[in-house]
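Next comes run.cif, a file with mmCIF, C-alpha atoms.
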data_my_file
loop_
_atom_site.label_atom_id
_atom_site.label_comp_id
_atom_site.auth_asym_id
_atom_site.auth_seq_id
_atom_site.Cartn_x
_atom_site.Cartn_y
_atom_site.Cartn_z
CA MET S 1 -3.21 -26.41 9.77
CA THR S 2 -3.54 -28.43 6.56
CA VAL S 3 -2.00 -27.35 3.27
CA ILE S 4 -5.44 -26.51 1.83
CA LYS S 5 -6.39 -24.42 4.86
CA LYS S 6 -3.08 -22.58 4.64
CA PHE S 7 -3.66 -21.85 0.97
CA ILE S 8 -7.20 -20.56 1.59
CA ASP S 9 -5.97 -18.37 4.44
CA LEU S 10 -3.00 -17.07 2.44
CA VAL S 11 -4.97 -15.90 -0.60
CA ARG S 12 -8.16 -15.00 1.29
CA PHE S 13 -10.28 -17.31 -0.87
CA GLU S 14 -13.49 -15.65 0.35
CA GLN S 15 -12.34 -12.43 -1.29
CA THR S 16 -11.87 -14.30 -4.58
CA ILE S 17 -15.51 -15.43 -4.33
CA PHE S 18 -16.47 -11.81 -3.58
CA ALA S 19 -14.60 -10.57 -6.68
CA LEU S 20 -15.87 -13.20 -9.15
CA PRO S 21 -19.14 -11.32 -9.81
CA PHE S 22 -17.07 -8.44 -11.22
CA ALA S 23 -16.01 -10.62 -14.13
CA TYR S 24 -19.45 -12.21 -14.47
CA LEU S 25 -21.10 -8.79 -14.74
CA GLY S 26 -19.15 -7.96 -17.89
CA LEU S 27 -19.57 -11.49 -19.19
CA ILE S 28 -23.36 -11.62 -18.88
CA ALA S 29 -24.05 -8.06 -19.99
CA ALA S 30 -21.89 -8.49 -23.10
CA ALA S 31 -23.49 -11.82 -24.03
CA GLY S 32 -27.06 -10.66 -23.46
CA LYS S 33 -27.78 -14.21 -22.24
CA MET S 34 -26.13 -16.92 -20.19
CA PRO S 35 -22.73 -17.48 -21.86
CA SER S 36 -21.43 -20.89 -22.86
CA PHE S 37 -19.86 -23.17 -20.27
CA TYR S 38 -16.56 -22.82 -22.12
CA THR S 39 -16.50 -19.05 -21.66
CA TRP S 40 -17.65 -19.29 -18.04
CA LEU S 41 -14.90 -21.79 -17.28
CA TRP S 42 -11.97 -19.85 -18.71
CA VAL S 43 -13.16 -16.51 -17.32
CA THR S 44 -13.47 -18.11 -13.86
CA LEU S 45 -10.02 -19.68 -14.10
CA ALA S 46 -8.49 -16.42 -15.34
CA MET S 47 -10.10 -14.57 -12.44
CA PHE S 48 -8.96 -17.20 -9.94
CA GLY S 49 -5.41 -17.03 -11.29
CA ALA S 50 -5.31 -13.24 -11.20
CA ARG S 51 -6.77 -12.95 -7.72
CA THR S 52 -4.52 -15.66 -6.25
CA ALA S 53 -1.42 -14.15 -7.85
CA GLY S 54 -2.37 -10.70 -6.61
CA MET S 55 -2.90 -11.81 -3.02
CA SER S 56 0.28 -13.91 -3.03
CA LEU S 57 2.36 -11.04 -4.41
CA ASN S 58 0.90 -8.67 -1.85
CA ARG S 59 1.76 -11.04 0.98
CA ILE S 60 5.36 -11.66 -0.07
CA ILE S 61 6.17 -8.06 -1.05
CA ASP S 62 4.65 -6.73 2.20
CA ILE S 63 6.17 -9.34 4.51
CA GLU S 64 8.38 -6.88 6.43
CA ILE S 65 5.52 -4.40 6.86
CA ASP S 66 3.19 -7.19 8.02
CA ARG S 67 5.74 -8.33 10.60
CA LYS S 68 5.69 -4.88 12.20
CA ASN S 69 1.91 -4.40 12.16
CA PRO S 70 0.13 -5.93 15.20
CA ARG S 71 -2.95 -6.56 13.03
CA THR S 72 -1.06 -8.62 10.44
CA ARG S 73 2.00 -10.11 12.16
CA GLU S 74 0.21 -13.43 12.77
CA ARG S 75 -0.52 -13.99 9.09
CA LEU S 76 1.01 -17.16 7.67
CA LEU S 77 4.02 -15.64 5.94
CA PRO S 78 5.25 -13.13 8.57
CA SER S 79 4.70 -15.69 11.33
CA GLY S 80 6.74 -18.32 9.47
CA LYS S 81 3.89 -20.83 9.07
CA ILE S 82 4.50 -20.89 5.32
CA THR S 83 7.71 -20.28 3.37
CA GLY S 84 8.43 -17.53 0.88
CA THR S 85 9.42 -20.17 -1.69
CA SER S 86 5.95 -21.72 -1.46
CA VAL S 87 4.29 -18.34 -1.97
CA TRP S 88 6.45 -17.55 -5.00
CA LEU S 89 5.54 -20.96 -6.46
CA ILE S 90 1.82 -20.23 -5.97
CA THR S 91 2.33 -16.80 -7.56
CA PHE S 92 3.94 -18.06 -10.76
CA ILE S 93 1.50 -20.95 -11.17
CA SER S 94 -1.38 -18.49 -10.77
CA LEU S 95 0.09 -16.04 -13.29
CA ALA S 96 0.53 -18.92 -15.75
CA LEU S 97 -3.12 -19.88 -15.22
CA LEU S 98 -4.20 -16.29 -15.89
CA ILE S 99 -2.23 -16.04 -19.13
CA PHE S 100 -3.23 -19.51 -20.39
CA SER S 101 -6.91 -18.87 -19.63
CA SER S 102 -6.72 -15.56 -21.50
CA TRP S 103 -5.18 -17.38 -24.48
CA MET S 104 -8.04 -19.91 -24.42
CA LEU S 105 -10.63 -17.11 -24.56
CA ASN S 106 -9.60 -15.00 -27.56
CA PRO S 107 -6.64 -13.05 -29.02
CA LEU S 108 -7.64 -9.71 -27.45
CA CYS S 109 -7.77 -11.18 -23.93
CA PHE S 110 -4.41 -12.84 -24.47
CA LYS S 111 -2.81 -9.62 -25.73
CA LEU S 112 -4.12 -7.71 -22.71
CA SER S 113 -3.04 -10.31 -20.13
CA PRO S 114 0.50 -8.85 -19.67
CA ILE S 115 -1.10 -5.56 -18.60
CA ALA S 116 -3.00 -7.43 -15.89
CA VAL S 117 0.24 -9.08 -14.72
CA ILE S 118 2.03 -5.71 -14.54
CA LEU S 119 -0.82 -4.12 -12.57
CA LEU S 120 -0.90 -7.02 -10.10
CA TRP S 121 2.82 -6.58 -9.45
CA PHE S 122 2.74 -2.78 -9.37
CA TYR S 123 -0.10 -2.47 -6.85
CA SER S 124 1.82 -4.11 -3.99
CA TYR S 125 4.51 -1.40 -4.12
CA CYS S 126 2.17 1.60 -4.29
CA LYS S 127 1.75 2.08 -0.54
CA ARG S 128 5.46 2.92 -0.41
CA PHE S 129 5.17 6.08 -2.49
CA THR S 130 1.55 7.21 -3.13
CA TRP S 131 -1.70 7.66 -1.23
CA ALA S 132 -3.47 6.74 -4.49
CA THR S 133 -2.77 3.08 -3.74
CA HIS S 134 -6.54 2.56 -3.20
CA LEU S 135 -7.28 3.73 -6.74
CA VAL S 136 -4.59 1.44 -8.10
CA LEU S 137 -6.29 -1.46 -6.31
CA GLY S 138 -9.54 -0.41 -7.99
CA LEU S 139 -7.77 -0.30 -11.34
CA VAL S 140 -6.50 -3.85 -10.83
CA GLU S 141 -9.98 -5.08 -9.90
CA SER S 142 -11.54 -3.28 -12.88
CA ALA S 143 -9.67 -5.64 -15.20
CA ALA S 144 -12.15 -8.36 -14.20
CA PRO S 145 -15.38 -6.90 -15.65
CA ILE S 146 -13.58 -5.40 -18.64
CA GLY S 147 -11.96 -8.76 -19.28
CA GLY S 148 -15.31 -10.51 -18.88
CA TRP S 149 -16.80 -8.26 -21.56
CA PHE S 150 -13.87 -8.79 -23.93
CA ALA S 151 -14.05 -12.55 -23.33
CA VAL S 152 -17.45 -12.53 -25.04
CA THR S 153 -16.99 -9.85 -27.69
CA GLY S 154 -13.28 -10.01 -28.47
CA ALA S 155 -13.58 -6.36 -29.55
CA TRP S 156 -13.16 -2.86 -28.09
CA SER S 157 -16.16 -0.97 -26.71
CA ILE S 158 -16.73 1.97 -24.34
CA THR S 159 -19.41 0.15 -22.33
CA PRO S 160 -17.17 -2.14 -20.24
CA PHE S 161 -15.03 0.83 -19.25
CA PHE S 162 -18.02 2.43 -17.51
CA LEU S 163 -18.38 -0.83 -15.58
CA GLY S 164 -14.63 -0.80 -14.92
CA ALA S 165 -14.85 2.77 -13.59
CA ALA S 166 -17.63 1.70 -11.22
CA ILE S 167 -15.41 -1.08 -9.87
CA ILE S 168 -12.42 1.29 -9.53
CA PHE S 169 -14.29 3.67 -7.24
CA TRP S 170 -16.14 0.89 -5.42
CA MET S 171 -12.89 -0.87 -4.51
CA ALA S 172 -11.09 2.39 -3.71
CA GLY S 173 -13.90 3.45 -1.40
CA LEU S 174 -14.03 0.21 0.54
CA ASP S 175 -10.22 -0.07 0.71
CA ILE S 176 -10.08 3.41 2.24
CA ILE S 177 -12.49 2.24 4.94
CA TYR S 178 -10.36 -0.84 5.58
CA ALA S 179 -7.16 1.23 5.74
CA CYS S 180 -8.65 3.32 8.57
CA GLN S 181 -7.78 0.42 10.89
CA ASP S 182 -4.08 1.02 10.26
CA TYR S 183 -4.20 4.81 10.55
CA GLU S 184 -1.76 5.07 13.48
CA PHE S 185 0.57 2.35 12.20
CA ASP S 186 0.72 3.79 8.68
CA ARG S 187 1.56 7.26 9.96
CA LYS S 188 4.26 5.88 12.23
CA GLU S 189 5.85 3.72 9.50
CA ARG S 190 5.33 6.36 6.78
CA ILE S 191 3.14 4.08 4.71
CA PHE S 192 1.04 5.94 2.18
CA SER S 193 -2.75 5.73 2.36
CA ILE S 194 -5.58 8.22 2.19
CA PRO S 195 -6.39 7.92 5.94
CA ALA S 196 -2.71 8.40 6.89
CA SER S 197 -2.26 11.27 4.43
CA PHE S 198 -5.50 13.21 4.97
CA GLY S 199 -6.89 12.04 8.31
CA LEU S 200 -9.77 9.73 9.17
CA GLN S 201 -12.62 12.20 8.69
CA ASN S 202 -11.43 13.31 5.25
CA ALA S 203 -10.72 9.70 4.30
CA LEU S 204 -14.27 8.62 5.08
CA PHE S 205 -15.61 11.59 3.09
CA ILE S 206 -13.45 10.57 0.10
CA SER S 207 -14.72 7.01 0.50
CA SER S 208 -18.33 8.22 0.46
CA PHE S 209 -17.70 10.33 -2.64
CA SER S 210 -16.03 7.34 -4.32
CA HIS S 211 -19.17 5.29 -3.78
CA ILE S 212 -21.34 8.07 -5.21
CA LEU S 213 -19.15 7.84 -8.32
CA THR S 214 -19.59 4.07 -8.25
CA VAL S 215 -23.37 4.40 -8.52
CA PHE S 216 -22.98 7.04 -11.26
CA PHE S 217 -20.78 4.77 -13.40
CA PHE S 218 -23.06 1.78 -12.79
CA LEU S 219 -25.83 4.01 -14.13
CA LEU S 220 -23.82 4.88 -17.25
CA PHE S 221 -23.03 1.21 -17.72
CA GLY S 222 -26.72 0.30 -17.54
CA ILE S 223 -27.60 2.96 -20.11
CA THR S 224 -24.88 2.06 -22.62
CA ALA S 225 -25.43 -1.71 -22.17
CA LYS S 226 -29.17 -1.11 -22.71
CA LEU S 227 -30.17 -2.82 -19.48
CA GLY S 228 -33.70 -2.54 -18.15
CA ILE S 229 -35.81 -1.87 -15.09
CA ILE S 230 -34.66 -4.92 -13.11
CA TYR S 231 -31.05 -3.74 -13.29
CA TYR S 232 -32.04 -0.26 -12.06
CA ILE S 233 -33.97 -1.76 -9.15
CA GLY S 234 -30.76 -3.58 -8.23
CA LEU S 235 -28.83 -0.32 -8.57
CA THR S 236 -31.27 1.33 -6.14
CA VAL S 237 -30.78 -1.51 -3.64
CA ILE S 238 -26.97 -1.25 -3.73
CA SER S 239 -27.23 2.54 -3.34
CA LEU S 240 -29.09 1.93 -0.08
CA LEU S 241 -26.49 -0.64 0.95
CA PHE S 242 -23.73 1.92 0.37
CA ILE S 243 -25.58 4.37 2.63
CA TYR S 244 -25.84 1.66 5.30
CA GLU S 245 -22.14 0.82 4.91
CA HIS S 246 -21.10 4.40 5.60
CA SER S 247 -23.45 4.65 8.56
CA LEU S 248 -21.39 1.92 10.24
CA VAL S 249 -18.11 3.84 10.39
CA ASN S 250 -17.00 7.23 11.64
CA PRO S 251 -13.64 8.63 12.77
CA LYS S 252 -14.39 7.92 16.44
CA GLU S 253 -15.93 4.48 15.97
CA LEU S 254 -14.16 1.95 13.76
CA LYS S 255 -15.18 -1.31 15.42
CA HIS S 256 -17.64 -2.05 12.60
CA VAL S 257 -15.07 -1.70 9.81
CA ASN S 258 -15.00 -5.43 9.11
CA ARG S 259 -18.79 -5.57 8.86
CA ALA S 260 -18.76 -2.64 6.45
CA PHE S 261 -15.83 -4.04 4.45
CA PHE S 262 -16.73 -7.73 4.25
CA THR S 263 -20.44 -8.22 4.97
CA VAL S 264 -22.04 -5.20 3.30
CA ASN S 265 -19.82 -5.28 0.23
CA SER S 266 -20.46 -9.01 -0.20
CA TRP S 267 -24.17 -8.21 -0.33
CA ILE S 268 -23.56 -5.41 -2.83
CA SER S 269 -21.59 -7.81 -5.02
CA ILE S 270 -24.35 -10.43 -4.93
CA VAL S 271 -27.18 -7.95 -5.47
CA ILE S 272 -25.70 -6.26 -8.54
CA LEU S 273 -24.89 -9.64 -10.12
CA VAL S 274 -28.29 -11.21 -9.41
CA PHE S 275 -30.25 -8.21 -10.67
CA THR S 276 -28.08 -7.96 -13.80
CA ILE S 277 -28.66 -11.65 -14.54
CA GLY S 278 -32.37 -11.19 -13.88
CA ASP S 279 -32.52 -8.23 -16.23
CA VAL S 280 -30.66 -10.02 -19.03
CA LEU S 281 -32.72 -13.21 -18.76
CA LEU S 282 -36.15 -11.69 -18.16
#
Please go through the file and, once you have read it, give me the structure as structure tokens.
Amino acid sequence: MTVIKKFIDLVRFEQTIFALPFAYLGLIAAAGKMPSFYTWLWVTLAMFGARTAGMSLNRIIDIEIDRKNPRTRERLLPSGKITGTSVWLITFISLALLIFSSWMLNPLCFKLSPIAVILLWFYSYCKRFTWATHLVLGLVESAAPIGGWFAVTGAWSITPFFLGAAIIFWMAGLDIIYACQDYEFDRKERIFSIPASFGLQNALFISSFSHILTVFFFLLFGITAKLGIIYYIGLTVISLLFIYEHSLVNPKELKHVNRAFFTVNSWISIVILVFTIGDVLL
């Protein structure tokens, strides 16, 4: 495996691509038009740095857990295909990229960047003491759209926090679905998650309710950002996609978890971004 392939596998580069629209949503809605290349560039680099640092931290902090879990023991770090020193190096370079990109955007983004760093570090430890780890993941991801908004405005506003709340519950809901795969392992190893703490059926109900809240906060975001009919058509489409996602999984049948987690949510990410861009431009 080449160095580049190892890096892509380590940080799950496809998930970085999936998460980029979060930042672009805030960016485009705040600008009310296509932002400058300069802003696009530094927001993208900040997002890439944050996502890469977050995945790297998660891998190195969870290495002992991943070695025990049959689903994860063949990952690069627990299997010894990459060294811990290399992962730490990637982590610190990525954090530096995040902070520098924030500095290049505006003073508010730079001042808030240490909070992002703390959240990235804190999340990886949450599964050791709280079932709310899924919400913490959502909180980490919500920094992207809020940061995208601040990158354009450089000023406080309530609107991006509605978008951030939508991302919190979206990510929490899908992470709960993903965690259902490790239900037995998490209970055995006393790892905290909503499925392990409340059971699979209750976990999937909480996930469904989280996605109802996601649509509600997307609605509030559209209202406060003064978006139009095209955005609400997109919101209707993603609501239907959420319904489809939850039709794929149930406590007795989890073989479609990856389709629900990766495929459907990738479509949701693309749809909400495309319809928001369409609304702003048209």
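With only C-alpha atoms as the basis for measurement, S:Thr276 is the residue among S:Thr72, S:Ser56, S:Thr276, S:Thr133 that approaches Ile233 (chain S) most closely.
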Problem set entry | Residue members of the PyMOL selection byres ((chain S and resi 229) around 12) in the file shown, as an MDAnalysis selection string | chainID S and resid 219 222:223 226:228 230:236 275:276 278:280 282
Given the file above and the PyMOL selection byres ((chain S and resi 40) around 10), which residues are selected, and can you give them as a PDB file with C-alpha atoms, keeping the file's coordinate frame?
ATOM      1  CA  ALA S  23     -16.010 -10.620 -14.130  1.00  0.00           C
ATOM      2  CA  TYR S  24     -19.450 -12.210 -14.470  1.00  0.00           C
ATOM      3  CA  LEU S  27     -19.570 -11.490 -19.190  1.00  0.00           C
ATOM      4  CA  ILE S  28     -23.360 -11.620 -18.880  1.00  0.00           C
ATOM      5  CA  MET S  34     -26.130 -16.920 -20.190  1.00  0.00           C
ATOM      6  CA  PRO S  35     -22.730 -17.480 -21.860  1.00  0.00           C
ATOM      7  CA  SER S  36     -21.430 -20.890 -22.860  1.00  0.00           C
ATOM      8  CA  PHE S  37     -19.860 -23.170 -20.270  1.00  0.00           C
ATOM      9  CA  TYR S  38     -16.560 -22.820 -22.120  1.00  0.00           C
ATOM     10  CA  THR S  39     -16.500 -19.050 -21.660  1.00  0.00           C
ATOM     11  CA  LEU S  41     -14.900 -21.790 -17.280  1.00  0.00           C
ATOM     12  CA  TRP S  42     -11.970 -19.850 -18.710  1.00  0.00           C
ATOM     13  CA  VAL S  43     -13.160 -16.510 -17.320  1.00  0.00           C
ATOM     14  CA  THR S  44     -13.470 -18.110 -13.860  1.00  0.00           C
ATOM     15  CA  LEU S  45     -10.020 -19.680 -14.100  1.00  0.00           C
ATOM     16  CA  ALA S  46      -8.490 -16.420 -15.340  1.00  0.00           C
ATOM     17  CA  LEU S 105     -10.630 -17.110 -24.560  1.00  0.00           C
ATOM     18  CA  GLY S 148     -15.310 -10.510 -18.880  1.00  0.00           C
ATOM     19  CA  ALA S 151     -14.050 -12.550 -23.330  1.00  0.00           C
ATOM     20  CA  VAL S 152     -17.450 -12.530 -25.040  1.00  0.00           C
TER      21      VAL S 152
END
If we count only C-alpha atoms, what is near region 4-10 of chain S at a cut-off of 8 Å, once residues fewer than 4 positions away on the same chain are taken out, given as a short mmCIF file (atom, residue, chain, number, x, y, z; two decimals) with C-alpha atoms, in the frame of the given file?
data_model
loop_
_atom_site.label_atom_id
_atom_site.label_comp_id
_atom_site.auth_asym_id
_atom_site.auth_seq_id
_atom_site.Cartn_x
_atom_site.Cartn_y
_atom_site.Cartn_z
CA MET S 55 -2.90 -11.81 -3.02
CA SER S 56 0.28 -13.91 -3.03
CA ARG S 59 1.76 -11.04 0.98
CA ARG S 75 -0.52 -13.99 9.09
CA LEU S 76 1.01 -17.16 7.67
CA LEU S 77 4.02 -15.64 5.94
CA ILE S 82 4.50 -20.89 5.32
#
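Minimum atom-to-atom distances from S:Lys127, S:Lys81, S:Arg12, S:Lys255 to Ile65 (chain S) were compared using all atoms listed in the file, and the lowest value belongs to S:Lys127.
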For this session: Do a neighbour search on Ala203 (chain S) at 10 Å with only C-alpha atoms, toss out local chain neighbours closer than 5 positions, and write the hits as a PyMOL selection string.
Result: chain S and resi 173+176-177+179-180+193-198+208-209+250-251
Can you spit out the residues from that selection as a short mmCIF file (atom, residue, chain, number, x, y, z; two decimals), keeping the file's coordinate frame, using C-alpha atoms?
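Output contents, as saved in result_37.cif:
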data_model
loop_
_atom_site.label_atom_id
_atom_site.label_comp_id
_atom_site.auth_asym_id
_atom_site.auth_seq_id
_atom_site.Cartn_x
_atom_site.Cartn_y
_atom_site.Cartn_z
CA GLY S 173 -13.90 3.45 -1.40
CA ILE S 176 -10.08 3.41 2.24
CA ILE S 177 -12.49 2.24 4.94
CA ALA S 179 -7.16 1.23 5.74
CA CYS S 180 -8.65 3.32 8.57
CA SER S 193 -2.75 5.73 2.36
CA ILE S 194 -5.58 8.22 2.19
CA PRO S 195 -6.39 7.92 5.94
CA ALA S 196 -2.71 8.40 6.89
CA SER S 197 -2.26 11.27 4.43
CA PHE S 198 -5.50 13.21 4.97
CA SER S 208 -18.33 8.22 0.46
CA PHE S 209 -17.70 10.33 -2.64
CA ASN S 250 -17.00 7.23 11.64
CA PRO S 251 -13.64 8.63 12.77
#
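Counting all atoms listed in the file and comparing S:Tyr178, S:Trp170, S:Phe216, S:Phe122, the residue that lies closest to Ile61 (chain S) is S:Phe122.
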For this session: On this file, the PyMOL selection byres ((chain S and resi 110) around 12) gives some set of residues; write that set as a PyMOL selection string.
Result: chain S and resi 42-43+46+96-109+111-117+147+150-151+154
Box centre and edge lengths (Å, one decimal), axis-aligned, region 128-138 of chain S plus 5 Å each side, as lines of an AutoDock Vina configuration file:
center_x = -2.0
center_y = 3.1
center_z = -4.3
size_x = 25.0
size_y = 19.1
size_z = 17.7
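With only C-alpha atoms as the atoms that count, the minimum distance from Trp121 (chain S) to the choices S:Leu281, S:Ile167, S:Ile93, S:Ile60 is reached by S:Ile60.
Of note, CA of Ser266 (chain S) and CA of Val237 (chain S) are spaced 13.2 Å apart.
Going from CA of Thr16 (chain S) over to CA of Glu74 (chain S), you cover 21.2 Å.
Using only C-alpha atoms, the nearest neighbour of Ser207 (chain S) within the list S:Phe92, S:Phe162, S:Phe262, S:Phe169 is S:Phe169.
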Problem set entry | Contacts of Ser210 (chain S) at 9 Å (all atoms listed in the file; same-chain gap of 4+ positions) as a PyMOL selection string | chain S and resi 168-174+205-206+214-215
For the selection you just gave me, I'd like the residues written to a file as a PDB file, keeping the file's coordinate frame, keeping C-alpha atoms.
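Now in part01.pdb:
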ATOM      1  CA  ILE S 168     -12.420   1.290  -9.530  1.00  0.00           C
ATOM      2  CA  PHE S 169     -14.290   3.670  -7.240  1.00  0.00           C
ATOM      3  CA  TRP S 170     -16.140   0.890  -5.420  1.00  0.00           C
ATOM      4  CA  MET S 171     -12.890  -0.870  -4.510  1.00  0.00           C
ATOM      5  CA  ALA S 172     -11.090   2.390  -3.710  1.00  0.00           C
ATOM      6  CA  GLY S 173     -13.900   3.450  -1.400  1.00  0.00           C
ATOM      7  CA  LEU S 174     -14.030   0.210   0.540  1.00  0.00           C
ATOM      8  CA  PHE S 205     -15.610  11.590   3.090  1.00  0.00           C
ATOM      9  CA  ILE S 206     -13.450  10.570   0.100  1.00  0.00           C
ATOM     10  CA  THR S 214     -19.590   4.070  -8.250  1.00  0.00           C
ATOM     11  CA  VAL S 215     -23.370   4.400  -8.520  1.00  0.00           C
TER      12      VAL S 215
END
Exercise. Given the choices S:Ile191, S:Gln181, S:Ser79, S:Met47, which gets closest to Pro21 (chain S) if the distance is worked out from only C-alpha atoms?
Worked result: S:Met47
Problem set entry | Selection: 8 Å around region 158-160 of chain S, only C-alpha atoms, excl. self and same-chain fewer than 5 positions, as an NGL selection string | :S and (26 or 145-146 or 149 or 221 or 224-225)
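One distance worth recording is that between CA of Ile270 (chain S) and CA of Ile17 (chain S), which is 10.2 Å.
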Complete the atoms of region 166-173 of chain S to all heavy atoms and put them out as an mmCIF file, keeping the file's coordinate frame.
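Listed below is the output, rebuild-v1.cif:
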data_model
loop_
_atom_site.group_PDB
_atom_site.id
_atom_site.type_symbol
_atom_site.label_atom_id
_atom_site.label_comp_id
_atom_site.auth_asym_id
_atom_site.auth_seq_id
_atom_site.Cartn_x
_atom_site.Cartn_y
_atom_site.Cartn_z
ATOM 1 N N ALA S 166 -16.825 1.954 -12.408
ATOM 2 C CA ALA S 166 -17.630 1.700 -11.220
ATOM 3 C C ALA S 166 -16.857 0.833 -10.227
ATOM 4 O O ALA S 166 -16.855 1.094 -9.021
ATOM 5 C CB ALA S 166 -18.947 1.019 -11.607
ATOM 6 N N ILE S 167 -16.177 -0.184 -10.740
ATOM 7 C CA ILE S 167 -15.410 -1.080 -9.870
ATOM 8 C C ILE S 167 -14.211 -0.345 -9.263
ATOM 9 O O ILE S 167 -13.870 -0.546 -8.092
ATOM 10 C CB ILE S 167 -14.933 -2.316 -10.651
ATOM 11 C CG1 ILE S 167 -16.130 -3.095 -11.202
ATOM 12 C CG2 ILE S 167 -14.066 -3.203 -9.765
ATOM 13 C CD1 ILE S 167 -17.104 -3.582 -10.171
ATOM 14 N N ILE S 168 -13.560 0.528 -10.047
ATOM 15 C CA ILE S 168 -12.420 1.290 -9.530
ATOM 16 C C ILE S 168 -12.813 2.068 -8.280
ATOM 17 O O ILE S 168 -12.156 1.988 -7.229
ATOM 18 C CB ILE S 168 -11.869 2.263 -10.597
ATOM 19 C CG1 ILE S 168 -11.132 1.492 -11.702
ATOM 20 C CG2 ILE S 168 -10.917 3.296 -9.962
ATOM 21 C CD1 ILE S 168 -10.703 2.364 -12.867
ATOM 22 N N PHE S 169 -13.905 2.820 -8.376
ATOM 23 C CA PHE S 169 -14.290 3.670 -7.240
ATOM 24 C C PHE S 169 -14.939 2.868 -6.116
ATOM 25 O O PHE S 169 -14.826 3.245 -4.945
ATOM 26 C CB PHE S 169 -15.207 4.793 -7.731
ATOM 27 C CG PHE S 169 -14.481 5.822 -8.543
ATOM 28 C CD1 PHE S 169 -14.646 5.899 -9.922
ATOM 29 C CD2 PHE S 169 -13.586 6.695 -7.944
ATOM 30 C CE1 PHE S 169 -13.956 6.837 -10.678
ATOM 31 C CE2 PHE S 169 -12.886 7.632 -8.682
ATOM 32 C CZ PHE S 169 -13.067 7.699 -10.059
ATOM 33 N N TRP S 170 -15.596 1.765 -6.458
ATOM 34 C CA TRP S 170 -16.140 0.890 -5.420
ATOM 35 C C TRP S 170 -15.005 0.324 -4.572
ATOM 36 O O TRP S 170 -15.017 0.426 -3.339
ATOM 37 C CB TRP S 170 -16.940 -0.226 -6.087
ATOM 38 C CG TRP S 170 -17.559 -1.222 -5.152
ATOM 39 C CD1 TRP S 170 -17.612 -1.169 -3.786
ATOM 40 C CD2 TRP S 170 -18.229 -2.429 -5.535
ATOM 41 N NE1 TRP S 170 -18.264 -2.273 -3.290
ATOM 42 C CE2 TRP S 170 -18.656 -3.056 -4.332
ATOM 43 C CE3 TRP S 170 -18.498 -3.034 -6.756
ATOM 44 C CZ2 TRP S 170 -19.341 -4.276 -4.352
ATOM 45 C CZ3 TRP S 170 -19.186 -4.241 -6.761
ATOM 46 C CH2 TRP S 170 -19.608 -4.844 -5.580
ATOM 47 N N MET S 171 -14.011 -0.262 -5.236
ATOM 48 C CA MET S 171 -12.890 -0.870 -4.510
ATOM 49 C C MET S 171 -12.069 0.178 -3.763
ATOM 50 O O MET S 171 -11.630 -0.050 -2.635
ATOM 51 C CB MET S 171 -11.993 -1.630 -5.485
ATOM 52 C CG MET S 171 -12.619 -2.871 -6.100
ATOM 53 S SD MET S 171 -13.086 -4.104 -4.856
ATOM 54 C CE MET S 171 -14.860 -3.788 -4.756
ATOM 55 N N ALA S 172 -11.848 1.328 -4.386
ATOM 56 C CA ALA S 172 -11.090 2.390 -3.710
ATOM 57 C C ALA S 172 -11.811 2.825 -2.449
ATOM 58 O O ALA S 172 -11.190 2.974 -1.378
ATOM 59 C CB ALA S 172 -10.899 3.574 -4.652
ATOM 60 N N GLY S 173 -13.121 3.012 -2.542
ATOM 61 C CA GLY S 173 -13.900 3.450 -1.400
ATOM 62 C C GLY S 173 -13.871 2.469 -0.243
ATOM 63 O O GLY S 173 -13.697 2.855 0.922
#
